[in-house]
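Below: one structure, written as structure tokens.
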Amino acid sequence: MVPKFCRLAWRVNDMENFTSQMGELVGAKFFTPGFIAELYPDADFKVMFGEHGIEPIQPGAEGLAFGEDSGSLIEIAIDVANAEDVRAKLEGAGYQPTAISYLPVPAVNEYLFGSDFHGVPFLACTEGVNEEQIRSERPFDFLADAAPPKVACVTLVVKDADALAADLKSFHGMDFMESDPAGFARRALIGPHRVKLIEGPSALLDGVEGPLVSADIILSDVEAARARFEAAGYGVKHIRPLASGGNAYYFGPTVQGFPVTLYPTSADAEILGLEVKPS
């Protein structure tokens, strides 16, 4: 199904520390794809991937060849039916890609548009091409098919959710509906693509760099993960009781500023704004 969220890239200052801590806290496993060195043979930045949808990027001494106009959030990648069509529409509206990444195995490009697009760096990639590239080296599932833990939704704070939703519909084909803001802000929009847009203000948003408020991570044992985060010094900032049972826990910035919400697999439909029956 497209369009859909497929990964997010986050700027880190210590790759080993970030991947080690995220491994300990949520069980996320990371690897470095071989094609990174093929595409950027002289670069000293580091990139790691995982089936969980988290892509940490550590800039080198000369910074990055992409994503320099953004803050910690480098990209929200969206699988679309045809990235070339999305690029053409965005360029027709006056936007230009800030980076073009070539994937040698499927022999296609993916396109990053910078934060001048409503303050959020979105990357358009044709569905399946990243998986095809990485599967040339190792097994790799679509995010939708991967087992938890994984990022099951991203929550973004924007100035005008309606305006961004309208453009994401026009350019990427993404549909949105009103959703429970869950205490984060005054309103929220969400869709089956697993991107949630919220508008402030809210005390929970104080000190959040934005636009990424939270990588909403789905797990089978949320309470155990919550205890690990708390033991590591990351306190829960907000608890959302779930009609489907249990709680979702918002921690805000955690490892190297990476903002996290944890929620149980049983609550996936509820988090996406679908009707659920109380347990």
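How things are named: the first chain in the structure tokens is A, the next is B, and so on; residues count from 1 in each chain; ligands count from 1 in the order shown.
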- Item | Gly27 of chain A environment, 10 Å, only C-alpha atoms, sequence neighbours closer than 6 positions dropped, as a list in words |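 My list of contacting residues is Thr19, Ser20, Gln21, His52, Pro148, Pro149, Lys150, Leu219 and Ala225 of chain A.
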- With a distance cut-off of 9 Å and only C-alpha atoms, select the neighbouring residues of Tyr263 of chain A, excluding the residue or stretch itself and same-chain residues fewer than 3 positions from it, and output the selection as a list of chain:residue names.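 That gives A:Asp216, A:Ile217, A:Ile218, A:Leu219, A:Ser220, A:Asp221, A:Val222, A:Gly246, A:Asn247, A:Ala248, A:Tyr249, A:Tyr250, A:Ser266, A:Ala267, A:Asp268, A:Ile271.
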Mind dumping the selected residues with all heavy atoms as a tab-separated table (two decimals), in the first residue's frame?
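And here's selection16.tsv as it stands now:
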chain	number	residue	atom	x	y	z
A	216	ASP	N	7.13	7.02	17.16
A	216	ASP	CA	6.22	6.18	17.94
A	216	ASP	C	6.58	4.72	17.69
A	216	ASP	O	6.30	4.17	16.62
A	216	ASP	CB	4.77	6.46	17.55
A	216	ASP	CG	4.41	7.94	17.73
A	216	ASP	OD1	5.12	8.64	18.47
A	216	ASP	OD2	3.42	8.38	17.12
A	217	ILE	N	7.20	4.11	18.68
A	217	ILE	CA	7.76	2.76	18.53
A	217	ILE	C	6.81	1.74	19.11
A	217	ILE	O	6.37	1.85	20.26
A	217	ILE	CB	9.14	2.67	19.20
A	217	ILE	CG1	10.11	3.65	18.53
A	217	ILE	CG2	9.68	1.25	19.13
A	217	ILE	CD1	11.47	3.72	19.20
A	218	ILE	N	6.49	0.73	18.32
A	218	ILE	CA	5.58	-0.33	18.73
A	218	ILE	C	6.40	-1.53	19.22
A	218	ILE	O	7.39	-1.90	18.60
A	218	ILE	CB	4.65	-0.71	17.56
A	218	ILE	CG1	3.53	-1.65	18.00
A	218	ILE	CG2	5.40	-1.28	16.38
A	218	ILE	CD1	2.46	-1.84	16.94
A	219	LEU	N	5.99	-2.08	20.37
A	219	LEU	CA	6.70	-3.19	20.99
A	219	LEU	C	5.73	-4.20	21.56
A	219	LEU	O	4.58	-3.88	21.85
A	219	LEU	CB	7.61	-2.72	22.14
A	219	LEU	CG	8.61	-1.61	21.89
A	219	LEU	CD1	8.07	-0.31	22.43
A	219	LEU	CD2	9.94	-1.94	22.58
A	220	SER	N	6.21	-5.40	21.77
A	220	SER	CA	5.37	-6.43	22.37
A	220	SER	C	5.33	-6.30	23.89
A	220	SER	O	4.33	-6.65	24.52
A	220	SER	CB	5.87	-7.82	21.97
A	220	SER	OG	7.24	-7.98	22.34
A	221	ASP	N	6.40	-5.80	24.49
A	221	ASP	CA	6.44	-5.65	25.95
A	221	ASP	C	6.80	-4.20	26.28
A	221	ASP	O	7.98	-3.86	26.49
A	221	ASP	CB	7.45	-6.61	26.57
A	221	ASP	CG	7.33	-6.69	28.10
A	221	ASP	OD1	6.76	-5.75	28.70
A	221	ASP	OD2	7.82	-7.67	28.69
A	222	VAL	N	5.80	-3.35	26.33
A	222	VAL	CA	6.02	-1.93	26.56
A	222	VAL	C	6.50	-1.66	27.98
A	222	VAL	O	7.37	-0.80	28.19
A	222	VAL	CB	4.73	-1.14	26.27
A	222	VAL	CG1	4.85	0.29	26.73
A	222	VAL	CG2	4.42	-1.16	24.78
A	246	GLY	N	-3.72	-1.08	28.33
A	246	GLY	CA	-2.36	-0.62	28.56
A	246	GLY	C	-2.20	0.87	28.34
A	246	GLY	O	-3.18	1.62	28.24
A	247	ASN	N	-0.96	1.30	28.23
A	247	ASN	CA	-0.64	2.71	28.08
A	247	ASN	C	0.37	2.93	26.96
A	247	ASN	O	1.15	2.04	26.61
A	247	ASN	CB	-0.02	3.25	29.37
A	247	ASN	CG	-0.95	3.20	30.55
A	247	ASN	OD1	-2.09	3.66	30.49
A	247	ASN	ND2	-0.48	2.62	31.66
A	248	ALA	N	0.34	4.15	26.43
A	248	ALA	CA	1.43	4.63	25.58
A	248	ALA	C	2.23	5.62	26.42
A	248	ALA	O	1.67	6.42	27.17
A	248	ALA	CB	0.88	5.31	24.32
A	249	TYR	N	3.55	5.57	26.30
A	249	TYR	CA	4.43	6.39	27.13
A	249	TYR	C	5.26	7.31	26.24
A	249	TYR	O	6.01	6.86	25.38
A	249	TYR	CB	5.36	5.51	27.95
A	249	TYR	CG	4.65	4.60	28.92
A	249	TYR	CD1	4.49	3.24	28.64
A	249	TYR	CD2	4.13	5.09	30.11
A	249	TYR	CE1	3.83	2.40	29.53
A	249	TYR	CE2	3.48	4.26	31.01
A	249	TYR	CZ	3.33	2.91	30.71
A	249	TYR	OH	2.68	2.08	31.58
A	250	TYR	N	5.15	8.62	26.50
A	250	TYR	CA	5.93	9.61	25.77
A	250	TYR	C	7.10	10.05	26.64
A	250	TYR	O	6.90	10.52	27.76
A	250	TYR	CB	5.07	10.81	25.39
A	250	TYR	CG	5.84	11.94	24.74
A	250	TYR	CD1	6.50	11.74	23.53
A	250	TYR	CD2	5.89	13.20	25.33
A	250	TYR	CE1	7.21	12.78	22.93
A	250	TYR	CE2	6.58	14.23	24.74
A	250	TYR	CZ	7.25	14.03	23.53
A	250	TYR	OH	7.94	15.05	22.95
A	266	SER	N	-0.92	-4.16	20.54
A	266	SER	CA	-2.38	-4.26	20.59
A	266	SER	C	-3.07	-2.93	20.33
A	266	SER	O	-4.27	-2.89	20.06
A	266	SER	CB	-2.81	-4.80	21.96
A	266	SER	OG	-2.35	-3.95	23.00
A	267	ALA	N	-2.32	-1.83	20.41
A	267	ALA	CA	-2.93	-0.50	20.28
A	267	ALA	C	-2.69	0.14	18.91
A	267	ALA	O	-2.97	1.32	18.73
A	267	ALA	CB	-2.40	0.43	21.37
A	268	ASP	N	-2.23	-0.62	17.95
A	268	ASP	CA	-1.85	-0.02	16.68
A	268	ASP	C	-3.03	0.68	16.00
A	268	ASP	O	-2.91	1.81	15.53
A	268	ASP	CB	-1.26	-1.08	15.74
A	268	ASP	CG	-0.50	-0.46	14.58
A	268	ASP	OD1	0.23	0.52	14.81
A	268	ASP	OD2	-0.63	-0.94	13.46
A	271	ILE	N	-3.84	3.96	17.84
A	271	ILE	CA	-2.86	5.02	17.59
A	271	ILE	C	-3.09	5.65	16.22
A	271	ILE	O	-2.92	6.85	16.03
A	271	ILE	CB	-1.43	4.46	17.70
A	271	ILE	CG1	-1.12	4.04	19.15
A	271	ILE	CG2	-0.41	5.47	17.20
A	271	ILE	CD1	-1.13	5.18	20.15
Neighbours of Pro139 of chain A within 12 Å (only C-alpha atoms; same-chain residues fewer than 4 positions away dropped), as a short mmCIF file (atom, residue, chain, number, x, y, z; two decimals) with N, CA, C and O atoms, in the first residue's frame?
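Saved file result.cif follows:
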data_model
loop_
_atom_site.label_atom_id
_atom_site.label_comp_id
_atom_site.auth_asym_id
_atom_site.auth_seq_id
_atom_site.Cartn_x
_atom_site.Cartn_y
_atom_site.Cartn_z
N PHE A 31 22.77 -1.95 10.91
CA PHE A 31 23.86 -2.40 10.05
C PHE A 31 24.19 -1.27 9.06
O PHE A 31 23.39 -0.36 8.85
N PRO A 33 24.83 -0.53 5.22
CA PRO A 33 24.73 -1.09 3.87
C PRO A 33 26.00 -0.81 3.06
O PRO A 33 26.58 0.27 3.14
N GLY A 50 18.13 -0.21 9.55
CA GLY A 50 17.53 -1.34 10.25
C GLY A 50 16.12 -1.53 9.78
O GLY A 50 15.50 -0.61 9.22
N GLU A 51 15.57 -2.71 9.96
CA GLU A 51 14.19 -2.98 9.57
C GLU A 51 13.19 -2.22 10.43
O GLU A 51 12.00 -2.18 10.12
N ASN A 130 14.25 0.70 -2.02
CA ASN A 130 15.24 0.57 -0.94
C ASN A 130 15.40 -0.88 -0.52
O ASN A 130 16.52 -1.36 -0.29
N GLU A 131 14.29 -1.57 -0.42
CA GLU A 131 14.35 -2.98 -0.06
C GLU A 131 15.11 -3.78 -1.12
O GLU A 131 15.92 -4.66 -0.80
N GLU A 132 14.87 -3.47 -2.39
CA GLU A 132 15.59 -4.16 -3.47
C GLU A 132 17.09 -3.91 -3.37
O GLU A 132 17.90 -4.84 -3.54
N GLN A 133 17.46 -2.67 -3.08
CA GLN A 133 18.87 -2.34 -2.95
C GLN A 133 19.51 -3.11 -1.80
O GLN A 133 20.57 -3.75 -1.97
N ILE A 134 18.88 -3.08 -0.64
CA ILE A 134 19.48 -3.73 0.53
C ILE A 134 19.42 -5.25 0.42
O ILE A 134 20.33 -5.95 0.87
N ARG A 135 18.38 -5.77 -0.24
CA ARG A 135 18.30 -7.22 -0.41
C ARG A 135 19.37 -7.76 -1.34
O ARG A 135 19.57 -8.98 -1.41
N ALA A 146 7.97 -5.95 8.89
CA ALA A 146 8.99 -6.26 9.89
C ALA A 146 8.35 -6.47 11.26
O ALA A 146 7.34 -5.85 11.60
#
- Item | Pick from A:Lys169, A:Arg226, A:Arg11, A:Lys29, whichever lies nearest to Gly60 of chain A using only C-alpha atoms | A:Arg11
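Using only C-alpha atoms, the residues found no farther than 7 Å from Pro121 of chain A, other than those of its own chain fewer than 4 positions away, are Ile74, Glu75, Ile76, Leu112, Phe113, Gly114, Ser115 and Phe117 of chain A.
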The selected residues should be written to file as an mmCIF file, in the first residue's frame (atoms: all heavy atoms).
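The new file result.cif reads:
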data_model
loop_
_atom_site.group_PDB
_atom_site.id
_atom_site.type_symbol
_atom_site.label_atom_id
_atom_site.label_comp_id
_atom_site.auth_asym_id
_atom_site.auth_seq_id
_atom_site.Cartn_x
_atom_site.Cartn_y
_atom_site.Cartn_z
ATOM 1 N N ILE A 74 16.750 14.711 9.597
ATOM 2 C CA ILE A 74 17.286 14.845 8.246
ATOM 3 C C ILE A 74 16.232 14.503 7.203
ATOM 4 O O ILE A 74 16.144 15.157 6.163
ATOM 5 C CB ILE A 74 18.535 13.962 8.081
ATOM 6 C CG1 ILE A 74 19.646 14.478 8.989
ATOM 7 C CG2 ILE A 74 18.993 13.915 6.623
ATOM 8 C CD1 ILE A 74 20.873 13.599 9.022
ATOM 9 N N GLU A 75 15.417 13.484 7.476
ATOM 10 C CA GLU A 75 14.377 13.142 6.496
ATOM 11 C C GLU A 75 13.289 12.282 7.101
ATOM 12 O O GLU A 75 13.529 11.506 8.033
ATOM 13 C CB GLU A 75 14.963 12.407 5.287
ATOM 14 C CG GLU A 75 15.424 10.992 5.588
ATOM 15 C CD GLU A 75 16.051 10.281 4.405
ATOM 16 O OE1 GLU A 75 16.768 10.929 3.624
ATOM 17 O OE2 GLU A 75 15.853 9.056 4.286
ATOM 18 N N ILE A 76 12.093 12.461 6.586
ATOM 19 C CA ILE A 76 10.990 11.520 6.750
ATOM 20 C C ILE A 76 10.772 10.925 5.370
ATOM 21 O O ILE A 76 10.363 11.626 4.432
ATOM 22 C CB ILE A 76 9.702 12.215 7.229
ATOM 23 C CG1 ILE A 76 9.891 12.843 8.616
ATOM 24 C CG2 ILE A 76 8.532 11.230 7.233
ATOM 25 C CD1 ILE A 76 10.044 11.859 9.742
ATOM 26 N N LEU A 112 15.061 14.010 -1.872
ATOM 27 C CA LEU A 112 14.840 14.694 -0.605
ATOM 28 C C LEU A 112 14.523 16.159 -0.872
ATOM 29 O O LEU A 112 15.290 16.862 -1.528
ATOM 30 C CB LEU A 112 16.084 14.594 0.286
ATOM 31 C CG LEU A 112 16.040 15.362 1.611
ATOM 32 C CD1 LEU A 112 14.943 14.814 2.520
ATOM 33 C CD2 LEU A 112 17.400 15.304 2.313
ATOM 34 N N PHE A 113 13.374 16.590 -0.360
ATOM 35 C CA PHE A 113 13.004 18.000 -0.419
ATOM 36 C C PHE A 113 13.166 18.569 0.981
ATOM 37 O O PHE A 113 12.764 17.952 1.959
ATOM 38 C CB PHE A 113 11.579 18.160 -0.940
ATOM 39 C CG PHE A 113 11.481 17.893 -2.419
ATOM 40 C CD1 PHE A 113 11.376 16.592 -2.894
ATOM 41 C CD2 PHE A 113 11.536 18.932 -3.328
ATOM 42 C CE1 PHE A 113 11.312 16.331 -4.257
ATOM 43 C CE2 PHE A 113 11.474 18.678 -4.690
ATOM 44 C CZ PHE A 113 11.372 17.384 -5.163
ATOM 45 N N GLY A 114 13.784 19.745 1.064
ATOM 46 C CA GLY A 114 14.221 20.264 2.349
ATOM 47 C C GLY A 114 13.130 20.878 3.182
ATOM 48 O O GLY A 114 11.929 20.812 2.873
ATOM 49 N N SER A 115 13.564 21.513 4.260
ATOM 50 C CA SER A 115 12.633 22.039 5.244
ATOM 51 C C SER A 115 11.881 23.266 4.749
ATOM 52 O O SER A 115 11.027 23.796 5.469
ATOM 53 C CB SER A 115 13.368 22.363 6.545
ATOM 54 O OG SER A 115 14.466 23.218 6.304
ATOM 55 N N PHE A 117 9.767 23.023 2.613
ATOM 56 C CA PHE A 117 8.446 22.432 2.398
ATOM 57 C C PHE A 117 7.767 22.283 3.757
ATOM 58 O O PHE A 117 7.875 21.263 4.424
ATOM 59 C CB PHE A 117 8.576 21.078 1.690
ATOM 60 C CG PHE A 117 7.259 20.418 1.381
ATOM 61 C CD1 PHE A 117 6.442 20.880 0.368
ATOM 62 C CD2 PHE A 117 6.834 19.320 2.117
ATOM 63 C CE1 PHE A 117 5.227 20.268 0.082
ATOM 64 C CE2 PHE A 117 5.625 18.697 1.841
ATOM 65 C CZ PHE A 117 4.818 19.181 0.824
#
Please produce, as a tab-separated table, a per-residue contact table for segment 81-174 of chain A versus segment 5-9 of chain A (criterion: any atom at most 12 Å away, only C-alpha atoms considered), showing the nearest atom pair and its distance in Å to one decimal, sorted by chain then residue number.
residue	atom	partner	partner_atom	distance
A:Leu112	CA	A:Ala9	CA	11.2
A:Val120	CA	A:Leu8	CA	11.5
A:Pro121	CA	A:Ala9	CA	9.9
A:Phe122	CA	A:Leu8	CA	9.2
A:Leu123	CA	A:Leu8	CA	9.2
A:Ala124	CA	A:Phe5	CA	9.9
A:Cys125	CA	A:Cys6	CA	9.1
A:Thr126	CA	A:Cys6	CA	10.6
A:Glu127	CA	A:Cys6	CA	8.9
A:Gly128	CA	A:Cys6	CA	9.9
A:Val129	CA	A:Cys6	CA	11.3
A:Asn130	CA	A:Cys6	CA	9.5
A:Glu131	CA	A:Cys6	CA	10.2
A:Asp141	CA	A:Cys6	CA	10.9
A:Phe142	CA	A:Cys6	CA	7.8
A:Leu143	CA	A:Cys6	CA	6.0
A:Ala144	CA	A:Cys6	CA	8.0
A:Asp145	CA	A:Cys6	CA	11.0
A:Ala146	CA	A:Cys6	CA	11.1
A:Lys150	CA	A:Arg7	CA	9.7
A:Val151	CA	A:Arg7	CA	7.8
A:Ala152	CA	A:Phe5	CA	8.5
A:Cys153	CA	A:Phe5	CA	7.6
A:Val154	CA	A:Phe5	CA	8.1
A:Thr155	CA	A:Phe5	CA	11.3
A:Leu156	CA	A:Leu8	CA	11.8
A:His172	CA	A:Phe5	CA	11.1
A:Met174	CA	A:Phe5	CA	10.2
If we count only C-alpha atoms, what is near segment 202-204 of chain A at a cut-off of 9 Å, once residues fewer than 4 positions away on the same chain are taken out, given as a PDB file with N, CA and C atoms, in the first residue's frame?
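Written out: result.pdb:
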ATOM      1  N   GLY A 183      -3.228  14.803  24.078  1.00  0.00           N
ATOM      2  CA  GLY A 183      -2.596  15.676  25.050  1.00  0.00           C
ATOM      3  C   GLY A 183      -1.404  16.450  24.538  1.00  0.00           C
ATOM      4  N   PHE A 184      -0.993  16.197  23.276  1.00  0.00           N
ATOM      5  CA  PHE A 184       0.183  16.876  22.739  1.00  0.00           C
ATOM      6  C   PHE A 184      -0.115  18.307  22.321  1.00  0.00           C
ATOM      7  N   ALA A 185      -1.294  18.548  21.793  1.00  0.00           N
ATOM      8  CA  ALA A 185      -1.575  19.839  21.181  1.00  0.00           C
ATOM      9  C   ALA A 185      -3.072  20.027  21.081  1.00  0.00           C
ATOM     10  N   ARG A 186      -3.482  21.084  20.375  1.00  0.00           N
ATOM     11  CA  ARG A 186      -4.911  21.380  20.293  1.00  0.00           C
ATOM     12  C   ARG A 186      -5.627  20.542  19.241  1.00  0.00           C
ATOM     13  N   VAL A 208      10.911  21.018  22.725  1.00  0.00           N
ATOM     14  CA  VAL A 208      11.050  20.076  21.617  1.00  0.00           C
ATOM     15  C   VAL A 208      11.532  20.844  20.395  1.00  0.00           C
ATOM     16  N   LYS A 237       7.242  11.558  30.245  1.00  0.00           N
ATOM     17  CA  LYS A 237       6.680  12.902  30.301  1.00  0.00           C
ATOM     18  C   LYS A 237       5.157  12.908  30.203  1.00  0.00           C
ATOM     19  N   HIS A 238       4.603  11.862  29.614  1.00  0.00           N
ATOM     20  CA  HIS A 238       3.156  11.834  29.423  1.00  0.00           C
ATOM     21  C   HIS A 238       2.714  10.385  29.262  1.00  0.00           C
ATOM     22  N   GLY A 252       9.705  12.069  25.212  1.00  0.00           N
ATOM     23  CA  GLY A 252      10.368  13.233  24.649  1.00  0.00           C
ATOM     24  C   GLY A 252      11.766  12.857  24.202  1.00  0.00           C
TER      25      GLY A 252
END
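With atom CA of Arg138 of chain A on one side and atom CA of Gly34 of chain A on the other, the separation reads 10.1 Å.
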- Message: DSSP on the backbone: which residues in segment 67-167 of chain A end up as alpha helix (DSSP H)? Give the answer as a ChimeraX atom specification.
- Response: /A:83-92,129-135,161-167
- Give me the residues within 8 Å of Phe229 of chain A as a ChimeraX atom specification, counting only C-alpha atoms and dropping any in the same chain fewer than 5 places off. /A:25,234-235
